[in-house]
file run21.cif (mmCIF, C-alpha atoms and all ligand atoms)
data_data
#
loop_
_atom_site.group_PDB
_atom_site.id
_atom_site.type_symbol
_atom_site.label_atom_id
_atom_site.label_comp_id
_atom_site.auth_asym_id
_atom_site.auth_seq_id
_atom_site.Cartn_x
_atom_site.Cartn_y
_atom_site.Cartn_z
ATOM 1 C CA MET A 1 -15.952 1.301 -13.992
ATOM 2 C CA ASN A 2 -17.656 -0.352 -11.154
ATOM 3 C CA ASP A 3 -15.199 -3.150 -10.694
ATOM 4 C CA ARG A 4 -14.042 -3.794 -7.231
ATOM 5 C CA THR A 5 -12.166 -6.672 -5.759
ATOM 6 C CA ARG A 6 -12.524 -7.825 -2.197
ATOM 7 C CA LEU A 7 -9.184 -7.632 -0.411
ATOM 8 C CA THR A 8 -9.732 -8.291 3.259
ATOM 9 C CA THR A 9 -11.494 -6.780 6.232
ATOM 10 C CA VAL A 10 -10.766 -3.672 8.248
ATOM 11 C CA GLU A 11 -10.548 -5.893 11.296
ATOM 12 C CA THR A 12 -7.817 -8.011 9.708
ATOM 13 C CA VAL A 13 -5.793 -4.923 8.841
ATOM 14 C CA SER A 14 -6.149 -3.630 12.396
ATOM 15 C CA GLU A 15 -5.200 -6.933 13.929
ATOM 16 C CA ASN A 16 -2.180 -7.488 11.724
ATOM 17 C CA ARG A 17 -1.252 -3.793 11.597
ATOM 18 C CA SER A 18 -0.814 -4.052 7.832
ATOM 19 C CA TRP A 19 -1.866 -6.251 4.929
ATOM 20 C CA LEU A 20 0.392 -6.798 1.961
ATOM 21 C CA PHE A 21 -0.937 -7.571 -1.489
ATOM 22 C CA THR A 22 0.226 -7.624 -5.072
ATOM 23 C CA VAL A 23 -1.383 -5.711 -7.896
ATOM 24 C CA ARG A 24 -0.762 -5.435 -11.599
ATOM 25 C CA ASP A 25 -0.707 -2.153 -13.429
ATOM 26 C CA GLN A 26 -2.299 -1.509 -16.776
ATOM 27 C CA TYR A 27 0.718 -3.049 -18.497
ATOM 28 C CA GLY A 28 0.511 -6.190 -16.425
ATOM 29 C CA GLU A 29 3.545 -5.364 -14.353
ATOM 30 C CA PRO A 30 3.343 -6.442 -10.722
ATOM 31 C CA ASP A 31 3.782 -4.108 -7.818
ATOM 32 C CA GLU A 32 3.161 -4.401 -4.120
ATOM 33 C CA ALA A 33 0.729 -2.418 -2.030
ATOM 34 C CA VAL A 34 -0.081 -2.329 1.645
ATOM 35 C CA LEU A 35 -3.188 -1.636 3.616
ATOM 36 C CA VAL A 36 -2.499 0.071 6.908
ATOM 37 C CA PRO A 37 -4.765 1.239 9.696
ATOM 38 C CA CYS A 38 -5.560 4.918 9.478
ATOM 39 C CA GLU A 39 -7.030 5.786 12.774
ATOM 40 C CA ASP A 40 -6.694 9.468 13.236
ATOM 41 C CA SER A 41 -9.360 11.705 11.915
ATOM 42 C CA VAL A 42 -7.152 14.338 10.398
ATOM 43 C CA GLU A 43 -9.027 16.370 7.885
ATOM 44 C CA HIS A 44 -7.171 16.161 4.674
ATOM 45 C CA ASP A 45 -7.879 17.758 1.373
ATOM 46 C CA SER A 46 -10.142 15.807 -0.862
ATOM 47 C CA THR A 47 -7.799 16.407 -3.745
ATOM 48 C CA SER A 48 -7.150 12.997 -5.133
ATOM 49 C CA SER A 49 -7.066 10.239 -2.616
ATOM 50 C CA ARG A 50 -9.895 9.249 -0.353
ATOM 51 C CA SER A 51 -7.616 6.984 1.587
ATOM 52 C CA GLY A 52 -8.184 6.924 5.252
ATOM 53 C CA ASP A 53 -11.839 7.772 5.385
ATOM 54 C CA ASP A 54 -12.747 4.326 6.556
ATOM 55 C CA GLY A 55 -10.055 3.370 9.027
ATOM 56 C CA VAL A 56 -7.780 1.918 6.383
ATOM 57 C CA ALA A 57 -5.513 3.417 3.752
ATOM 58 C CA ALA A 58 -3.608 1.793 0.888
ATOM 59 C CA TRP A 59 -0.200 2.749 -0.427
ATOM 60 C CA ILE A 60 2.334 1.378 -2.833
ATOM 61 C CA ASN A 61 4.756 -0.668 -0.749
ATOM 62 C CA ARG A 62 7.810 1.359 -1.555
ATOM 63 C CA CYS A 63 9.539 4.339 -0.041
ATOM 64 C CA THR A 64 9.686 7.528 -2.077
ATOM 65 C CA HIS A 65 13.367 7.988 -1.276
ATOM 66 C CA GLU A 66 14.790 4.726 -2.551
ATOM 67 C CA ALA A 67 13.285 1.458 -3.681
ATOM 68 C CA GLN A 68 12.849 0.200 -0.163
ATOM 69 C CA ARG A 69 9.786 -1.839 0.748
ATOM 70 C CA PHE A 70 7.951 -0.940 3.945
ATOM 71 C CA ASP A 71 6.634 -4.449 4.372
ATOM 72 C CA THR A 72 9.374 -6.918 3.577
ATOM 73 C CA GLY A 73 7.249 -9.872 4.581
ATOM 74 C CA ARG A 74 6.833 -9.234 8.266
ATOM 75 C CA GLY A 75 4.400 -6.381 8.249
ATOM 76 C CA VAL A 76 4.890 -2.648 8.090
ATOM 77 C CA ALA A 77 6.690 -1.021 10.982
ATOM 78 C CA MET A 78 4.236 1.518 12.367
ATOM 79 C CA ARG A 79 4.440 4.098 15.093
ATOM 80 C CA ASP A 80 1.975 6.791 16.100
ATOM 81 C CA GLY A 81 -0.042 6.411 12.941
ATOM 82 C CA HIS A 82 2.975 6.483 10.657
ATOM 83 C CA LEU A 83 4.669 3.969 8.402
ATOM 84 C CA ILE A 84 8.368 3.802 9.162
ATOM 85 C CA CYS A 85 10.808 3.233 6.338
ATOM 86 C CA PRO A 86 13.135 0.429 7.449
ATOM 87 C CA LYS A 87 16.078 1.852 5.562
ATOM 88 C CA HIS A 88 16.523 5.435 6.732
ATOM 89 C CA GLY A 89 13.644 5.820 9.133
ATOM 90 C CA SER A 90 11.494 8.416 7.427
ATOM 91 C CA MET A 91 7.949 8.315 8.727
ATOM 92 C CA PHE A 92 4.895 8.652 6.513
ATOM 93 C CA ASP A 93 1.451 9.580 7.747
ATOM 94 C CA ALA A 94 -0.685 6.462 7.395
ATOM 95 C CA CYS A 95 -3.720 8.506 6.375
ATOM 96 C CA SER A 96 -2.252 11.080 4.000
ATOM 97 C CA GLY A 97 0.916 9.293 2.897
ATOM 98 C CA TYR A 98 2.854 12.472 3.516
ATOM 99 C CA CYS A 99 6.366 12.519 4.928
ATOM 100 C CA ASP A 100 7.818 15.600 6.578
ATOM 101 C CA ASN A 101 11.022 14.153 7.942
ATOM 102 C CA GLY A 102 14.314 12.529 7.112
ATOM 103 C CA GLU A 103 15.529 11.503 3.695
ATOM 104 C CA ALA A 104 12.051 11.276 2.216
ATOM 105 C CA ALA A 105 10.861 14.640 3.530
ATOM 106 C CA GLU A 106 8.350 16.578 1.451
ATOM 107 C CA THR A 107 7.145 13.554 -0.466
ATOM 108 C CA THR A 108 3.902 11.628 -0.510
ATOM 109 C CA LEU A 109 3.424 7.944 -1.122
ATOM 110 C CA PRO A 110 1.581 6.899 -4.268
ATOM 111 C CA SER A 111 -1.902 5.964 -3.197
ATOM 112 C CA VAL A 112 -4.018 3.007 -4.169
ATOM 113 C CA ASP A 113 -7.754 3.561 -4.400
ATOM 114 C CA ILE A 114 -9.806 1.422 -2.082
ATOM 115 C CA SER A 115 -13.234 1.539 -0.586
ATOM 116 C CA VAL A 116 -14.701 0.067 2.540
ATOM 117 C CA ASP A 117 -18.158 -1.357 2.646
ATOM 118 C CA ASP A 118 -19.526 -2.915 5.795
ATOM 119 C CA GLY A 119 -16.072 -3.593 7.177
ATOM 120 C CA VAL A 120 -14.767 -5.151 3.970
ATOM 121 C CA VAL A 121 -11.955 -3.496 2.030
ATOM 122 C CA TYR A 122 -12.200 -3.441 -1.762
ATOM 123 C CA LEU A 123 -9.680 -2.446 -4.392
ATOM 124 C CA THR A 124 -11.338 0.133 -6.626
ATOM 125 C CA ASP A 125 -8.331 1.553 -8.451
ATOM 126 C CA ASP A 126 -9.025 1.810 -12.169
ATOM 127 C CA ASP A 127 -5.325 1.522 -12.934
ATOM 128 C CA LEU A 128 -4.627 -1.572 -10.878
ATOM 129 C CA THR A 129 -5.943 -5.082 -10.728
ATOM 130 C CA PHE A 130 -5.580 -7.422 -7.810
ATOM 131 C CA ALA A 131 -3.062 -10.214 -8.350
ATOM 132 C CA HIS A 132 -2.880 -12.019 -5.027
ATOM 133 C CA ALA A 133 -2.433 -11.548 -1.312
ATOM 134 C CA GLY A 134 1.115 -11.213 -0.078
ATOM 135 C CA GLY A 135 4.194 -9.931 -1.828
ATOM 136 C CA ILE A 136 5.187 -10.408 -5.447
ATOM 137 C CA ASP A 137 7.292 -13.417 -4.498
ATOM 138 C CA ASP A 138 4.362 -15.080 -2.825
ATOM 139 C CA GLY A 139 2.721 -15.508 -6.194
ATOM 140 C CA ASP A 140 5.738 -17.070 -7.859
ATOM 141 C CA ASP A 141 4.850 -20.649 -7.405
ATOM 142 C CA GLY A 142 5.870 -22.048 -10.701
ATOM 143 C CA ASN A 143 3.322 -20.303 -12.795
ATOM 144 C CA ASP A 144 4.125 -18.167 -15.747
ATOM 145 C CA ASP A 145 6.330 -15.765 -13.948
ATOM 146 C CA GLY A 146 8.198 -14.259 -16.811
ATOM 147 C CA PRO A 147 11.212 -12.110 -16.197
ATOM 148 C CA ALA A 148 10.182 -9.095 -14.203
ATOM 149 C CA SER A 149 12.164 -6.780 -16.374
ATOM 150 C CA THR A 150 10.660 -3.608 -15.029
ATOM 151 C CA SER A 151 10.530 -4.428 -11.371
ATOM 152 C CA HIS A 152 11.521 -1.446 -9.316
ATOM 153 C CA ILE A 153 11.884 -3.483 -6.229
ATOM 154 C CA GLY A 154 15.115 -5.009 -5.121
ATOM 155 C CA PHE A 155 14.914 -8.209 -3.209
HETATM 156 S S1 LIG B 1 14.770 4.550 1.572
HETATM 157 FE FE1 LIG B 1 13.153 5.249 2.818
HETATM 158 S S2 LIG B 1 13.961 7.012 3.799
HETATM 159 FE FE2 LIG B 1 15.558 6.298 2.519
#
call {"tool": "encode", "arguments": {"input": "run21.cif", "output": "C-alpha cells"}}
result
Amino acid sequence: MNDRTRLTTVETVSENRSWLFTVRDQYGEPDEAVLVPCEDSVEHDSTSSRSGDDGVAAWINRCTHEAQRFDTGRGVAMRDGHLICPKHGSMFDACSGYCDNGEAAETTLPSVDISVDDGVVYLTDDDLTFAHAGGIDDGDDGNDDGPASTSHIGF
C-alpha cells in the first residue's frame, strides 16, 4: 500500500519536543502515538523499524511496564535523547525505543511506521490509520465515541 497521511513537520516535533496523535488499529480501536525527535545517529539494526532515520521517531504512547502514557497532554518528558516514563522513570532511547533501565528494562516500545519527505512526517503504517492530532480524548467532541471497551489506557 502506498497510503500515507501527513502528520506534521520535523520542525514542529523538534520545537515542541514531541507530537501526540491518535491512530486506529485494523479493528478500529483507538490508540495514541507520539513523534519524538531522534537526533543521535546511532546505527541500529535494520530489523523492523526504520524509525529515527530522519530525525523523528514514532512510538505507541504507552510504557511497556504498565499502561502509563508518556505524553499525558503536556508533551513527553525527554532527557538526553530518551523518553522518560512519568510513573517509574524508566528511560527509552528515542531512536530505537529500547529501555535498559528501571522497571521497564530489556523492553522495546512498539513502533509506528513513519516516513519523512522534505521535512514533512507521514504515517505509513499499514496497520494503523490516522484519527486526529492530540490524544484520544481530544477527538471526543460529541461524535460517535462508542464505549472504548478495549482501551488499554487509564485516564
Ligand atoms: S510504568 Fe513505566 S516504568 Fe513503570
call {"tool": "closest_residue", "arguments": {"input": "run21.cif", "among": "A:Ser14, A:Thr5, A:Thr107, A:Thr64", "to": "ligand LIG 1 (chain B)", "atoms": "all atoms listed in the file"}}
result
A:Thr64
call {"tool": "resolve_selection", "arguments": {"input": "run21.cif", "expression": "the PyMOL selection byres (((not hetatm)) within 6 of (chain B and resi 1))", "output": "ChimeraX atom specification"}}
result
/A:63,65-66,68,85,87-90,103-104
call {"tool": "closest_residue", "arguments": {"input": "run21.cif", "among": "A:Glu29, A:Val112, A:Asp54, A:His82", "to": "Cys99 in chain A", "atoms": "all atoms listed in the file"}}
result
A:His82
call {"tool": "atom_distance", "arguments": {"input": "run21.cif", "atom1": "CA of Asn61 in chain A", "atom2": "CA of Ala33 in chain A"}}
result
4.6 Å
call {"tool": "closest_residue", "arguments": {"input": "run21.cif", "among": "A:Ser111, A:Ser18, A:Asn101, A:Ser96", "to": "Thr72 in chain A", "atoms": "all atoms listed in the file"}}
result
A:Ser18
call {"tool": "resolve_selection", "arguments": {"input": "run21.cif", "expression": "the PyMOL selection byres (((chain A and resi 60) around 12) and not hetatm)", "output": "ChimeraX atom specification"}}
result
/A:19-25,30-36,57-59,61-64,67-71,76,83,94,97,108-113,128,135,152-153
call {"tool": "closest_residue", "arguments": {"input": "run21.cif", "among": "A:Asp93, A:Asp3, A:Thr8, A:Val13", "to": "His132 in chain A", "atoms": "only C-alpha atoms"}}
result
A:Thr8
call {"tool": "residues_around", "arguments": {"input": "run21.cif", "residues": "Asp80 in chain A", "least_positions_apart": "3", "cutoff": "12 Å", "atoms": "all atoms listed in the file", "output": "mmCIF file with C-alpha atoms, keeping the file's coordinate frame"}}
result
data_model
loop_
_atom_site.group_PDB
_atom_site.id
_atom_site.type_symbol
_atom_site.label_atom_id
_atom_site.label_comp_id
_atom_site.auth_asym_id
_atom_site.auth_seq_id
_atom_site.Cartn_x
_atom_site.Cartn_y
_atom_site.Cartn_z
ATOM 1 C CA ARG A 17 -1.252 -3.793 11.597
ATOM 2 C CA PRO A 37 -4.765 1.239 9.696
ATOM 3 C CA CYS A 38 -5.560 4.918 9.478
ATOM 4 C CA GLU A 39 -7.030 5.786 12.774
ATOM 5 C CA ASP A 40 -6.694 9.468 13.236
ATOM 6 C CA ALA A 77 6.690 -1.021 10.982
ATOM 7 C CA LEU A 83 4.669 3.969 8.402
ATOM 8 C CA ILE A 84 8.368 3.802 9.162
ATOM 9 C CA MET A 91 7.949 8.315 8.727
ATOM 10 C CA PHE A 92 4.895 8.652 6.513
ATOM 11 C CA ASP A 93 1.451 9.580 7.747
ATOM 12 C CA ALA A 94 -0.685 6.462 7.395
ATOM 13 C CA CYS A 95 -3.720 8.506 6.375
#
call {"tool": "atom_distance", "arguments": {"input": "run21.cif", "atom1": "CA of Glu11 in chain A", "atom2": "CA of Val120 in chain A"}}
result
8.5 Å
call {"tool": "atom_distance", "arguments": {"input": "run21.cif", "atom1": "CA of Asp100 in chain A", "atom2": "CA of Gly81 in chain A"}}
result
13.7 Å
call {"tool": "closest_residue", "arguments": {"input": "run21.cif", "among": "A:Ser115, A:Val56, A:Gly73, A:Ala105", "to": "Asp137 in chain A", "atoms": "only C-alpha atoms"}}
result
A:Gly73
call {"tool": "closest_residue", "arguments": {"input": "run21.cif", "among": "A:Asp117, A:Gly28, A:Arg4, A:Gly102", "to": "Ala131 in chain A", "atoms": "all atoms listed in the file"}}
result
A:Gly28
